[in-house]
Amino acid sequence: MVRKIRKACVIGSGVMGSGIAAHLANVGIPVLLLDIVPKDLTPEEKEKGLTLQDKAVRNRITETNKAKLLKQKPAPLTKKENLELIEAGNLEDDLPRIREADWIIEAVVENLEVKRSVFEKIDRYRRPGSIVSSNTSGISVRQMAEGRSEDFKRHFLGTHFFNPPRYLKLLEIIPAEETDPEVTETMKTFAEDVLGKGVVIAKDTPNFIANRIGTYGLLVTVREMVKGGYSIGEVDSVTGPLIGRPKSATFRTLDVVGLDTFVHVANNVYHQVEGEEKEVFKVPDFVLKMLEKGWLGAKSGQGFYLKKGKEIFELDIRAMVYVPRKKLKTASTEAAKQQRGAKNKLKALVYADDRAGRLLWNIFAPTLIYAAERAYAIADDLAAVDQAMKWGFGWELGPFESWDAIGLEKSVERMEKEGYVVPGWVKEMLAKGFKSFYKTEKGKVYYYHQGEYKAVRENKKTIHLKLWKEEHGVIKKNAGASLIDLGDDVALLEFHSPNNAIGMDIIQMINAAVEEAEKNFKGLVIGNQGKNFCVGANIALMLMEAQDENFDELDLVVRQFQQAMLRIKYARKPVVAAPFNMTLGGGAEVCLHAPRIQASMETYIGLVEVGVGLIPGGGGSKELYVKHLERLPQGIKVDLQEVVMKVFETVAMAKVSASAEEARENGFLSPEDSISVNPDHLLYDAKQRVLELYEKGFRPKPRKKIPVAGETGYAAMLLAAQTMHRSGYISDHDLKIAKKLAYVLAGGKVPFGTEVDEQYLLDLEREAFLSLIGEPKTQERMQHMLLKGKPLRN
């Protein structure tokens, strides 16, 4: 029985196969990537005098697809070097090498006979006990394994990754009847702990869980659009974030997925079901016309939408021409925008008697009923269905959570009045006095299952902060942050201001948290479960103070922020920052000062203050410079000029990492810092780091003087900035900001190599920050960021 997966083999190097290989490489697993041998030479190969026997030709398909990984957007690799862990080969020369793999993943075309022929070859060469899986989106796992050896069948299952594998959380694991339960459990744990996936166990039915429910919901939406005379843009304007769904809503999602893929998935169910369900899965005629015309969506440049210049047009499905995009605006959509949270927004919309309300009710009612009809055929429990839709389709609320949100009793009553047939088990549940599919008790979530509530089974490393606080309360709290006892003598500082932006309330709580941790805890985690870790300082408040010329007040705030950062850095107990997603400006400064960082793999960190006409004011540029110095090997002569130029470029260009691995390359993470692949495990992992540091007898770093590049370094940075200015890459105001930043990083007008005090550099930062915030052009940039959400280059 394979306990650890040390090496993998992926068969099929297309978009999915190479994407899976990339994700395995991201977590450090070497991969052998195989594909077919080309039958013909390319003109370039003929010119080079190559033959079909040359290795370069025989591995061409895999090598080409492997190379594409460096160009794809969004990037499948967390860092370019991970590509070295993927070895290209082909299915004729290298098939015997699958014996080296602990896990063999088939990712070839969605065709049962093709897959069977691949598995026949795998069965011939694989090592007994190795796990084999198919990345199928809907073909029967049982049928694929027919005719294979007993050992193969015991170690075979479906592993349906969602595209792109690095970013989409869902992994559906589909065991067959003969799959060893231990293999299923091994893969579930491995996928959660190593691959960072949200795993649901699905039954071997057409399209499994997410695609079965999701495709039904999409087709019902298309049906209601046609029936109600809505436009594509109108539907998308109310089926996206307004109801807790992704921005791509319905039709932009289909454009991204590709119309050909969507039709294939729909047909997969259509050909295997009967009656009313079959009718819903029948692809509408206008979609088939789009297929004929090659209007497949993003991959063909047009689909339900067409972009002309900066303007986006929607398809008029009746005339089959593109027209200006429309939005559906009604009393209920405006009322829903004022509600907080997806549950309240949904409730406000589905019962509204207007065009938006009627559309959404007509989509939700049949979709919720369908989910209830199919739930136990496609999954073991309701929680798996909801998790699949949330992790695979980006729904904020799964179907049963949505049903609870709109009120189970009220909605069932209306459904039956309108002639819908509500599944018997739902009516029986209500008759027994169970009024909702879920309940929360003592910090745990329970779901309804056959006459009782059962606890949702989760990985022990998953922490839900909201539930934790409901059960355990908070130690201290203000409008911006809370201090929480995370258990095991570890405290947690949680930011919860709008966008987690840093203001005086958060600064006060940082000081209080460090003080409390030093007195009563083994250490402190700084983390939260918002949309982003922290997008920086509260720009609106800073701009208001600057426009009122309250510079003494701003000076005080910046000083206090700087001192709070030093409290983090020199705390007597270990402080671990747990960043994820956007970690910008002040958020990055919090992390840079923490003795350790436990970052989510998807951490996009950067000092971006130049985008609003400023430089970091809380010690960010100073600390990034120090981190770069500390990374250098001991005992060698340090090239301060090279170090300071690298930091200058990172801050002046407002570079934001595209992953935690890239953040390490940019100097934001030290070699001692760690990365969590599964975002659900981030706080748990950070807590373990605190305990580990405490047990090792943590001591804060001693305060040291910092060597600076002085006037020599300043001259070099200034020259680089002036060159960019003369070339037209940066504006006059950009140059002014660059000069200020260069002066701070150089340590002012001191000789090269001078060792200066940390506070001296902080004073330089603060002075530069305050001088820039008084500039009209900086205030224009701040205003623009607040209004438009993007930088202004003036």
# chains A, B, ... in the order shown; residues from 1 in each chain; ligands from 1
call {"tool": "select_by_dssp", "arguments": {"residues": "stretch 283-334 of chain A", "states": "helix (DSSP H, G or I)", "output": "ChimeraX atom specification"}}
result
/A:285-293,298-300,331-334
call {"tool": "residues_around", "arguments": {"residues": "A:Leu346", "least_positions_apart": "4", "cutoff": "7 Å", "atoms": "only C-alpha atoms", "output": "ChimeraX atom specification"}}
result
/A:243,342,350,406
call {"tool": "closest_atom_pairs", "arguments": {"of": "stretch 134-226 of chain A", "to": "stretch 373-379 of chain A", "cutoff": "12 Å", "atoms": "only C-alpha atoms", "output": "CSV"}}
result
residue,atom,partner,partner_atom,distance
A:Gly138,CA,A:Ile378,CA,11.6
A:Glu172,CA,A:Ala379,CA,10.5
A:Ile173,CA,A:Ala379,CA,10.8
A:Ile174,CA,A:Ala379,CA,9.8
A:Pro175,CA,A:Ala379,CA,11.5
A:Val200,CA,A:Ala379,CA,8.5
A:Ile201,CA,A:Ala379,CA,6.9
A:Ala202,CA,A:Ala379,CA,5.1
A:Lys203,CA,A:Ile378,CA,5.0
A:Asp204,CA,A:Ile378,CA,7.3
A:Thr205,CA,A:Ile378,CA,6.2
A:Pro206,CA,A:Ile378,CA,8.6
A:Asn207,CA,A:Ile378,CA,9.1
A:Phe208,CA,A:Ile378,CA,6.1
A:Ile209,CA,A:Ile378,CA,5.8
A:Ala210,CA,A:Ile378,CA,9.6
A:Asn211,CA,A:Ile378,CA,10.9
A:Arg212,CA,A:Ile378,CA,8.6
A:Ile213,CA,A:Arg374,CA,8.6
A:Tyr216,CA,A:Arg374,CA,11.2
call {"tool": "write_last_selection", "arguments": {"atoms": "C-alpha atoms", "output": "JSON list (two decimals), in the first residue's frame"}}
result
[["chain", "number", "residue", "atom", "x", "y", "z"],
["A", 138, "GLY", "CA", -17.86, 12.47, -16.20],
["A", 172, "GLU", "CA", -13.70, 15.18, -6.84],
["A", 173, "ILE", "CA", -12.50, 11.72, -5.86],
["A", 174, "ILE", "CA", -14.63, 8.95, -7.36],
["A", 175, "PRO", "CA", -13.99, 5.43, -6.06],
["A", 200, "VAL", "CA", -15.42, 15.65, -2.02],
["A", 201, "ILE", "CA", -16.09, 11.96, -2.46],
["A", 202, "ALA", "CA", -18.46, 11.57, -5.42],
["A", 203, "LYS", "CA", -20.44, 8.57, -6.61],
["A", 204, "ASP", "CA", -19.79, 7.06, -10.02],
["A", 205, "THR", "CA", -22.65, 8.81, -11.86],
["A", 206, "PRO", "CA", -22.66, 10.98, -15.04],
["A", 207, "ASN", "CA", -20.67, 14.22, -14.47],
["A", 208, "PHE", "CA", -20.29, 13.38, -10.75],
["A", 209, "ILE", "CA", -21.35, 16.24, -8.40],
["A", 210, "ALA", "CA", -20.29, 19.75, -9.42],
["A", 211, "ASN", "CA", -20.72, 19.44, -13.18],
["A", 212, "ARG", "CA", -24.04, 17.61, -12.73],
["A", 213, "ILE", "CA", -25.61, 20.34, -10.58],
["A", 216, "TYR", "CA", -28.21, 21.84, -14.80]]
call {"tool": "residues_around", "arguments": {"residues": "stretch 739-748 of chain A", "least_positions_apart": "6", "cutoff": "6 Å", "atoms": "only C-alpha atoms", "output": "list in words"}}
result
Val708, Ala709, Gly710, Gly713, Tyr714, Met717, Leu764, Glu765 and Ala768 of chain A
call {"tool": "closest_residue", "arguments": {"among": "A:Val323, A:Val677, A:Val575, A:Val27", "to": "A:Met601", "atoms": "only C-alpha atoms"}}
result
A:Val677
call {"tool": "closest_residue", "arguments": {"among": "A:Gly480, A:Gly487, A:Gly196, A:Gly89", "to": "A:Asn678", "atoms": "only C-alpha atoms"}}
result
A:Gly196
call {"tool": "residues_around", "arguments": {"residues": "A:Ala67", "least_positions_apart": "5", "cutoff": "12 Å", "atoms": "only C-alpha atoms", "output": "PyMOL selection string"}}
result
chain A and resi 13-15+18-19+22+60-62+72+76-77+80+82-84+86-88
call {"tool": "decode", "arguments": {"residues": "stretch 737-772 of chain A", "atoms": "N, CA, C and O atoms", "output": "PDB file, in the first residue's frame"}}
result
ATOM      1  N   ILE A 737       9.116  60.814  -6.675  1.00  0.00           N
ATOM      2  CA  ILE A 737       8.928  59.728  -5.701  1.00  0.00           C
ATOM      3  C   ILE A 737      10.179  58.851  -5.644  1.00  0.00           C
ATOM      4  O   ILE A 737      10.648  58.479  -4.559  1.00  0.00           O
ATOM      5  N   ALA A 738      10.725  58.542  -6.825  1.00  0.00           N
ATOM      6  CA  ALA A 738      11.927  57.696  -6.901  1.00  0.00           C
ATOM      7  C   ALA A 738      13.101  58.339  -6.172  1.00  0.00           C
ATOM      8  O   ALA A 738      13.875  57.637  -5.488  1.00  0.00           O
ATOM      9  N   LYS A 739      13.243  59.660  -6.301  1.00  0.00           N
ATOM     10  CA  LYS A 739      14.339  60.365  -5.597  1.00  0.00           C
ATOM     11  C   LYS A 739      14.193  60.220  -4.085  1.00  0.00           C
ATOM     12  O   LYS A 739      15.160  59.977  -3.367  1.00  0.00           O
ATOM     13  N   LYS A 740      12.961  60.382  -3.607  1.00  0.00           N
ATOM     14  CA  LYS A 740      12.706  60.266  -2.164  1.00  0.00           C
ATOM     15  C   LYS A 740      13.024  58.844  -1.690  1.00  0.00           C
ATOM     16  O   LYS A 740      13.640  58.647  -0.641  1.00  0.00           O
ATOM     17  N   LEU A 741      12.560  57.847  -2.461  1.00  0.00           N
ATOM     18  CA  LEU A 741      12.796  56.454  -2.100  1.00  0.00           C
ATOM     19  C   LEU A 741      14.290  56.148  -2.091  1.00  0.00           C
ATOM     20  O   LEU A 741      14.799  55.493  -1.170  1.00  0.00           O
ATOM     21  N   ALA A 742      15.011  56.627  -3.108  1.00  0.00           N
ATOM     22  CA  ALA A 742      16.459  56.399  -3.209  1.00  0.00           C
ATOM     23  C   ALA A 742      17.185  56.988  -2.003  1.00  0.00           C
ATOM     24  O   ALA A 742      18.100  56.367  -1.439  1.00  0.00           O
ATOM     25  N   TYR A 743      16.759  58.180  -1.592  1.00  0.00           N
ATOM     26  CA  TYR A 743      17.401  58.861  -0.453  1.00  0.00           C
ATOM     27  C   TYR A 743      17.209  58.031   0.824  1.00  0.00           C
ATOM     28  O   TYR A 743      18.144  57.861   1.613  1.00  0.00           O
ATOM     29  N   VAL A 744      15.999  57.487   1.007  1.00  0.00           N
ATOM     30  CA  VAL A 744      15.711  56.673   2.194  1.00  0.00           C
ATOM     31  C   VAL A 744      16.540  55.391   2.181  1.00  0.00           C
ATOM     32  O   VAL A 744      17.197  55.043   3.169  1.00  0.00           O
ATOM     33  N   LEU A 745      16.510  54.662   1.051  1.00  0.00           N
ATOM     34  CA  LEU A 745      17.214  53.381   0.967  1.00  0.00           C
ATOM     35  C   LEU A 745      18.727  53.550   1.081  1.00  0.00           C
ATOM     36  O   LEU A 745      19.419  52.673   1.613  1.00  0.00           O
ATOM     37  N   ALA A 746      19.242  54.683   0.594  1.00  0.00           N
ATOM     38  CA  ALA A 746      20.690  54.936   0.648  1.00  0.00           C
ATOM     39  C   ALA A 746      21.141  55.309   2.050  1.00  0.00           C
ATOM     40  O   ALA A 746      22.339  55.252   2.361  1.00  0.00           O
ATOM     41  N   GLY A 747      20.173  55.701   2.886  1.00  0.00           N
ATOM     42  CA  GLY A 747      20.538  56.154   4.230  1.00  0.00           C
ATOM     43  C   GLY A 747      20.936  57.611   4.264  1.00  0.00           C
ATOM     44  O   GLY A 747      21.650  58.047   5.178  1.00  0.00           O
ATOM     45  N   GLY A 748      20.506  58.362   3.253  1.00  0.00           N
ATOM     46  CA  GLY A 748      20.805  59.796   3.219  1.00  0.00           C
ATOM     47  C   GLY A 748      22.216  60.079   2.724  1.00  0.00           C
ATOM     48  O   GLY A 748      22.874  59.224   2.126  1.00  0.00           O
ATOM     49  N   LYS A 749      22.688  61.283   3.010  1.00  0.00           N
ATOM     50  CA  LYS A 749      24.007  61.711   2.510  1.00  0.00           C
ATOM     51  C   LYS A 749      25.100  61.311   3.491  1.00  0.00           C
ATOM     52  O   LYS A 749      25.668  62.140   4.207  1.00  0.00           O
ATOM     53  N   VAL A 750      25.371  60.013   3.524  1.00  0.00           N
ATOM     54  CA  VAL A 750      26.450  59.476   4.369  1.00  0.00           C
ATOM     55  C   VAL A 750      27.395  58.683   3.473  1.00  0.00           C
ATOM     56  O   VAL A 750      27.020  58.275   2.373  1.00  0.00           O
ATOM     57  N   PRO A 751      28.628  58.457   3.908  1.00  0.00           N
ATOM     58  CA  PRO A 751      29.573  57.681   3.093  1.00  0.00           C
ATOM     59  C   PRO A 751      29.108  56.237   2.899  1.00  0.00           C
ATOM     60  O   PRO A 751      28.406  55.677   3.750  1.00  0.00           O
ATOM     61  N   PHE A 752      29.492  55.636   1.791  1.00  0.00           N
ATOM     62  CA  PHE A 752      29.177  54.236   1.470  1.00  0.00           C
ATOM     63  C   PHE A 752      29.670  53.330   2.603  1.00  0.00           C
ATOM     64  O   PHE A 752      30.793  53.462   3.076  1.00  0.00           O
ATOM     65  N   GLY A 753      28.790  52.424   3.046  1.00  0.00           N
ATOM     66  CA  GLY A 753      29.179  51.468   4.078  1.00  0.00           C
ATOM     67  C   GLY A 753      28.947  51.941   5.501  1.00  0.00           C
ATOM     68  O   GLY A 753      29.193  51.184   6.440  1.00  0.00           O
ATOM     69  N   THR A 754      28.462  53.168   5.664  1.00  0.00           N
ATOM     70  CA  THR A 754      28.163  53.672   7.009  1.00  0.00           C
ATOM     71  C   THR A 754      27.106  52.795   7.668  1.00  0.00           C
ATOM     72  O   THR A 754      26.145  52.384   7.021  1.00  0.00           O
ATOM     73  N   GLU A 755      27.301  52.498   8.949  1.00  0.00           N
ATOM     74  CA  GLU A 755      26.302  51.718   9.691  1.00  0.00           C
ATOM     75  C   GLU A 755      25.405  52.686  10.455  1.00  0.00           C
ATOM     76  O   GLU A 755      25.891  53.511  11.230  1.00  0.00           O
ATOM     77  N   VAL A 756      24.101  52.593  10.210  1.00  0.00           N
ATOM     78  CA  VAL A 756      23.157  53.538  10.813  1.00  0.00           C
ATOM     79  C   VAL A 756      22.158  52.798  11.697  1.00  0.00           C
ATOM     80  O   VAL A 756      21.953  51.603  11.554  1.00  0.00           O
ATOM     81  N   ASP A 757      21.542  53.559  12.602  1.00  0.00           N
ATOM     82  CA  ASP A 757      20.541  52.993  13.489  1.00  0.00           C
ATOM     83  C   ASP A 757      19.229  52.785  12.742  1.00  0.00           C
ATOM     84  O   ASP A 757      18.892  53.526  11.819  1.00  0.00           O
ATOM     85  N   GLU A 758      18.474  51.776  13.160  1.00  0.00           N
ATOM     86  CA  GLU A 758      17.187  51.470  12.534  1.00  0.00           C
ATOM     87  C   GLU A 758      16.235  52.663  12.606  1.00  0.00           C
ATOM     88  O   GLU A 758      15.523  52.974  11.645  1.00  0.00           O
ATOM     89  N   GLN A 759      16.223  53.348  13.758  1.00  0.00           N
ATOM     90  CA  GLN A 759      15.315  54.487  13.931  1.00  0.00           C
ATOM     91  C   GLN A 759      15.653  55.616  12.965  1.00  0.00           C
ATOM     92  O   GLN A 759      14.760  56.322  12.483  1.00  0.00           O
ATOM     93  N   TYR A 760      16.930  55.762  12.660  1.00  0.00           N
ATOM     94  CA  TYR A 760      17.367  56.794  11.707  1.00  0.00           C
ATOM     95  C   TYR A 760      16.701  56.560  10.337  1.00  0.00           C
ATOM     96  O   TYR A 760      16.186  57.480   9.713  1.00  0.00           O
ATOM     97  N   LEU A 761      16.695  55.291   9.900  1.00  0.00           N
ATOM     98  CA  LEU A 761      16.066  54.975   8.612  1.00  0.00           C
ATOM     99  C   LEU A 761      14.552  55.169   8.678  1.00  0.00           C
ATOM    100  O   LEU A 761      13.931  55.629   7.715  1.00  0.00           O
ATOM    101  N   LEU A 762      13.963  54.834   9.805  1.00  0.00           N
ATOM    102  CA  LEU A 762      12.518  55.048   9.974  1.00  0.00           C
ATOM    103  C   LEU A 762      12.172  56.533   9.905  1.00  0.00           C
ATOM    104  O   LEU A 762      11.158  56.925   9.328  1.00  0.00           O
ATOM    105  N   ASP A 763      13.042  57.378  10.490  1.00  0.00           N
ATOM    106  CA  ASP A 763      12.809  58.831  10.445  1.00  0.00           C
ATOM    107  C   ASP A 763      12.879  59.347   9.006  1.00  0.00           C
ATOM    108  O   ASP A 763      12.063  60.185   8.592  1.00  0.00           O
ATOM    109  N   LEU A 764      13.849  58.805   8.236  1.00  0.00           N
ATOM    110  CA  LEU A 764      13.948  59.196   6.825  1.00  0.00           C
ATOM    111  C   LEU A 764      12.689  58.789   6.062  1.00  0.00           C
ATOM    112  O   LEU A 764      12.165  59.553   5.244  1.00  0.00           O
ATOM    113  N   GLU A 765      12.210  57.578   6.330  1.00  0.00           N
ATOM    114  CA  GLU A 765      10.983  57.087   5.671  1.00  0.00           C
ATOM    115  C   GLU A 765       9.806  58.000   5.983  1.00  0.00           C
ATOM    116  O   GLU A 765       9.025  58.372   5.099  1.00  0.00           O
ATOM    117  N   ARG A 766       9.662  58.314   7.266  1.00  0.00           N
ATOM    118  CA  ARG A 766       8.513  59.118   7.701  1.00  0.00           C
ATOM    119  C   ARG A 766       8.549  60.519   7.078  1.00  0.00           C
ATOM    120  O   ARG A 766       7.531  61.031   6.602  1.00  0.00           O
ATOM    121  N   GLU A 767       9.747  61.129   7.048  1.00  0.00           N
ATOM    122  CA  GLU A 767       9.885  62.475   6.474  1.00  0.00           C
ATOM    123  C   GLU A 767       9.534  62.462   4.983  1.00  0.00           C
ATOM    124  O   GLU A 767       8.833  63.353   4.485  1.00  0.00           O
ATOM    125  N   ALA A 768      10.006  61.435   4.271  1.00  0.00           N
ATOM    126  CA  ALA A 768       9.724  61.339   2.836  1.00  0.00           C
ATOM    127  C   ALA A 768       8.230  61.103   2.600  1.00  0.00           C
ATOM    128  O   ALA A 768       7.625  61.716   1.711  1.00  0.00           O
ATOM    129  N   PHE A 769       7.652  60.239   3.402  1.00  0.00           N
ATOM    130  CA  PHE A 769       6.226  59.930   3.300  1.00  0.00           C
ATOM    131  C   PHE A 769       5.390  61.201   3.488  1.00  0.00           C
ATOM    132  O   PHE A 769       4.489  61.498   2.697  1.00  0.00           O
ATOM    133  N   LEU A 770       5.700  61.969   4.542  1.00  0.00           N
ATOM    134  CA  LEU A 770       4.930  63.182   4.851  1.00  0.00           C
ATOM    135  C   LEU A 770       5.107  64.263   3.791  1.00  0.00           C
ATOM    136  O   LEU A 770       4.162  64.987   3.467  1.00  0.00           O
ATOM    137  N   SER A 771       6.324  64.364   3.251  1.00  0.00           N
ATOM    138  CA  SER A 771       6.540  65.390   2.208  1.00  0.00           C
ATOM    139  C   SER A 771       5.749  65.043   0.948  1.00  0.00           C
ATOM    140  O   SER A 771       5.191  65.912   0.287  1.00  0.00           O
ATOM    141  N   LEU A 772       5.664  63.739   0.622  1.00  0.00           N
ATOM    142  CA  LEU A 772       4.942  63.324  -0.587  1.00  0.00           C
ATOM    143  C   LEU A 772       3.427  63.441  -0.432  1.00  0.00           C
ATOM    144  O   LEU A 772       2.733  63.801  -1.384  1.00  0.00           O
TER     145      LEU A 772
END
